[in-house]
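First the structure, in the form of structure tokens, and then the observations on it.
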Amino acid sequence: MDVIKRLPNNTLVLAITTHGAIPEKDGEVATFTVPEGMTITKMSVSPIGVCNMASEDDSTQVVKTLSRVFSDPNPALSFEERLNNVIPILEAIQKEVVSTVSKGRAGEPKNELIYDFLAYSDRSQSVKTYTQGQKIINKDYSKYEGEGELDPYDFKMPMINVQNNPDFLQLLAAGRLGIPTRSMGMNKEMLTDLSTIVTVLRDYMNVKHLILFDYSCSSFYDLKGTDARKLARDAMSKGLNGGRKRRTRRRNTKTKTRKGKKRTVSRWNH
């Protein structure tokens, strides 16, 4: 595929604006090991278990900002320098999200997701580089039929340093990356996880360096309240990071809802 030939220095910059959730088992978050010869630099918009209340417009602003910075033709700018340049801009965007949510909740009943988002907003934009052999959270990523149809960058995985920012999720689902895939389950859900993404990038696109801007959810499927916060603290103490995104606001309605998560047994086979 032509996309493979256009990755400079075997580096892919990928943004994720889909649903997301962290599987957990026996008191531990799900992880996998970074493969040999790879590095993953992951920016998580929110701490583990904290809801990011960004809207579709915020997702668009983020992706356009990333695309502008990483498509800058200046050959003197390394990927690391571009990352350092874009983080303050993303922080400013997130501060606006926090301000908007804070003003909008005045007079509303207490909502645990919003409360945690505001309470832990100072931990936003966590950045960590994982090298081969290190453990990283194996998040689930998903979208449902119809989501993102009217938004060019929401519910997508834009390939930032590739011309026209193709949607990696759609390429993966359509089998256009050299592997057969299929979507299963209720509601025509597309579901994958980070370990699958990394395997495809390494084995089929020869990606050695992944720069990941994660604007998806990092909530737990079955844990809430103090149990969720304890597991999040334990995971972060081990050097892991993550982020979580709200349920989308539906157009032409006055009721604001937030992006949540669903337990599902569907998987993409590859």
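Scheme for the structure tokens: letters A, B, ... for chains in order shown; per-chain residue numbers from 1; ligand numbers from 1 in order shown.
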Sort by chain and increasing residue number a table of all residues of range 2-119 of chain A within 6 Å of range 125-130 of chain A, each with its closest pair of atoms and their distance in Å to one decimal, counting only C-alpha atoms, and write it as JSON lines.
```
{"residue": "A:Thr39", "atom": "CA", "partner": "A:Tyr130", "partner_atom": "CA", "distance": 5.7}
{"residue": "A:Ile40", "atom": "CA", "partner": "A:Tyr130", "partner_atom": "CA", "distance": 5.1}
{"residue": "A:Thr41", "atom": "CA", "partner": "A:Thr129", "partner_atom": "CA", "distance": 4.1}
{"residue": "A:Lys42", "atom": "CA", "partner": "A:Lys128", "partner_atom": "CA", "distance": 5.5}
{"residue": "A:Met43", "atom": "CA", "partner": "A:Val127", "partner_atom": "CA", "distance": 4.3}
{"residue": "A:Ser44", "atom": "CA", "partner": "A:Ser126", "partner_atom": "CA", "distance": 5.2}
{"residue": "A:Val45", "atom": "CA", "partner": "A:Gln125", "partner_atom": "CA", "distance": 4.4}
```
Could you give me, as CSV, a per-residue list for range 45-122 of chain A showing, wherever an atom lies at most 10 Å from an atom of range 219-240 of chain A, the closest pair of atoms and their distance in Å to one decimal, using only C-alpha atoms and sorting by chain then residue number from low to high?
```
residue,atom,partner,partner_atom,distance
A:Pro47,CA,A:Ala232,CA,8.1
A:Ile48,CA,A:Ala232,CA,5.5
A:Gly49,CA,A:Ser219,CA,4.5
A:Val50,CA,A:Ser219,CA,6.8
A:Cys51,CA,A:Ser219,CA,7.5
A:Glu112,CA,A:Gly225,CA,8.2
A:Leu113,CA,A:Gly225,CA,9.7
A:Asp116,CA,A:Arg229,CA,9.7
```
Determine, counting only C-alpha atoms, which protein, DNA and RNA residues have an atom within 10 Å of an atom of Gln94 in chain A; residues of the same chain fewer than 6 positions away are not included. Present the result as a ChimeraX atom specification.
/A:45-46,52-54,58,62,88,100,121,124-125
Output file for the residues above (C-alpha atoms, as an mmCIF file, in the first residue's frame):
```cif
data_model
loop_
_atom_site.group_PDB
_atom_site.id
_atom_site.type_symbol
_atom_site.label_atom_id
_atom_site.label_comp_id
_atom_site.auth_asym_id
_atom_site.auth_seq_id
_atom_site.Cartn_x
_atom_site.Cartn_y
_atom_site.Cartn_z
ATOM 1 C CA VAL A 45 -5.181 13.340 27.357
ATOM 2 C CA SER A 46 -6.359 12.293 30.833
ATOM 3 C CA ASN A 52 -12.147 13.659 28.993
ATOM 4 C CA MET A 53 -15.122 15.849 28.131
ATOM 5 C CA ALA A 54 -13.855 17.053 24.752
ATOM 6 C CA ASP A 58 -12.317 19.863 20.152
ATOM 7 C CA VAL A 62 -6.629 18.739 18.057
ATOM 8 C CA PRO A 88 1.796 23.323 24.933
ATOM 9 C CA THR A 100 -16.156 24.980 29.400
ATOM 10 C CA SER A 121 -7.407 17.914 35.258
ATOM 11 C CA SER A 124 -3.843 15.888 31.908
ATOM 12 C CA GLN A 125 -1.569 15.401 28.898
#
```
Surrounding residues of Phe155 in chain A excluding itself and chain neighbours under 2 positions, 10 Å, only C-alpha atoms, as a PyMOL selection string
chain A and resi 16-19+56+59+141-144+146-149+151-153+157-158+167+169+215-216+248
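CA of Leu212 in chain A is found 8.3 Å from CA of Leu12 in chain A.
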Spatial neighbours of Ile137 in chain A, max dist 8 Å, only C-alpha atoms, sep filter under 5 positions, as an mmCIF file with N, CA and C atoms, in the first residue's frame:
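Just written: around.cif:
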```
data_model
loop_
_atom_site.group_PDB
_atom_site.id
_atom_site.type_symbol
_atom_site.label_atom_id
_atom_site.label_comp_id
_atom_site.auth_asym_id
_atom_site.auth_seq_id
_atom_site.Cartn_x
_atom_site.Cartn_y
_atom_site.Cartn_z
ATOM 1 N N ILE A 22 -10.271 0.247 29.365
ATOM 2 C CA ILE A 22 -9.163 -0.587 29.808
ATOM 3 C C ILE A 22 -9.704 -1.873 30.424
ATOM 4 N N VAL A 29 -4.500 -4.055 35.480
ATOM 5 C CA VAL A 29 -4.931 -3.604 34.161
ATOM 6 C C VAL A 29 -4.282 -4.496 33.103
ATOM 7 N N ALA A 30 -4.960 -4.623 31.961
ATOM 8 C CA ALA A 30 -4.422 -5.432 30.870
ATOM 9 C C ALA A 30 -3.233 -4.713 30.237
ATOM 10 N N THR A 31 -2.151 -5.434 30.021
ATOM 11 C CA THR A 31 -0.967 -4.856 29.397
ATOM 12 C C THR A 31 -0.421 -5.804 28.332
ATOM 13 N N PHE A 32 0.486 -5.278 27.517
ATOM 14 C CA PHE A 32 1.271 -6.125 26.622
ATOM 15 C C PHE A 32 2.680 -5.550 26.560
ATOM 16 N N LEU A 194 -4.821 -1.935 21.406
ATOM 17 C CA LEU A 194 -3.520 -1.349 21.090
ATOM 18 C C LEU A 194 -2.515 -2.402 20.654
ATOM 19 N N LEU A 240 2.466 3.421 34.071
ATOM 20 C CA LEU A 240 1.507 3.346 32.972
ATOM 21 C C LEU A 240 0.704 4.646 32.912
ATOM 22 N N ASN A 241 0.154 4.949 31.743
ATOM 23 C CA ASN A 241 -0.695 6.139 31.616
ATOM 24 C C ASN A 241 -1.873 5.835 30.714
ATOM 25 N N GLY A 242 -2.839 6.736 30.681
ATOM 26 C CA GLY A 242 -4.026 6.497 29.867
ATOM 27 C C GLY A 242 -4.922 7.708 29.835
#
```
From a DSSP calculation on the backbone, collect every residue of range 17-209 of chain A in strand (DSSP E or B) and output the set as a ChimeraX atom specification.
/A:19-22,24-25,28-29,31-33,39-44,51-52,126-131,135-137,140-143,158-159,167,190-193,209
Asp72 in chain A environment, 12 Å, only C-alpha atoms, sequence neighbours closer than 4 positions dropped, as a list of chain:residue names:
A:Thr65, A:Leu66, A:Ser67, A:Arg68, A:Ala76, A:Leu77, A:Ser78, A:Phe79, A:Glu81, A:Arg82, A:Asn85, A:Val86, A:Ile160, A:Asn161, A:Val162, A:Gln163
Residue contacts of Ile197 in chain A (10 Å, only C-alpha atoms) excluding same-chain residues fewer than 4 positions away, as a PyMOL selection string:
chain A and resi 141+168-169+172+192-193+201-202
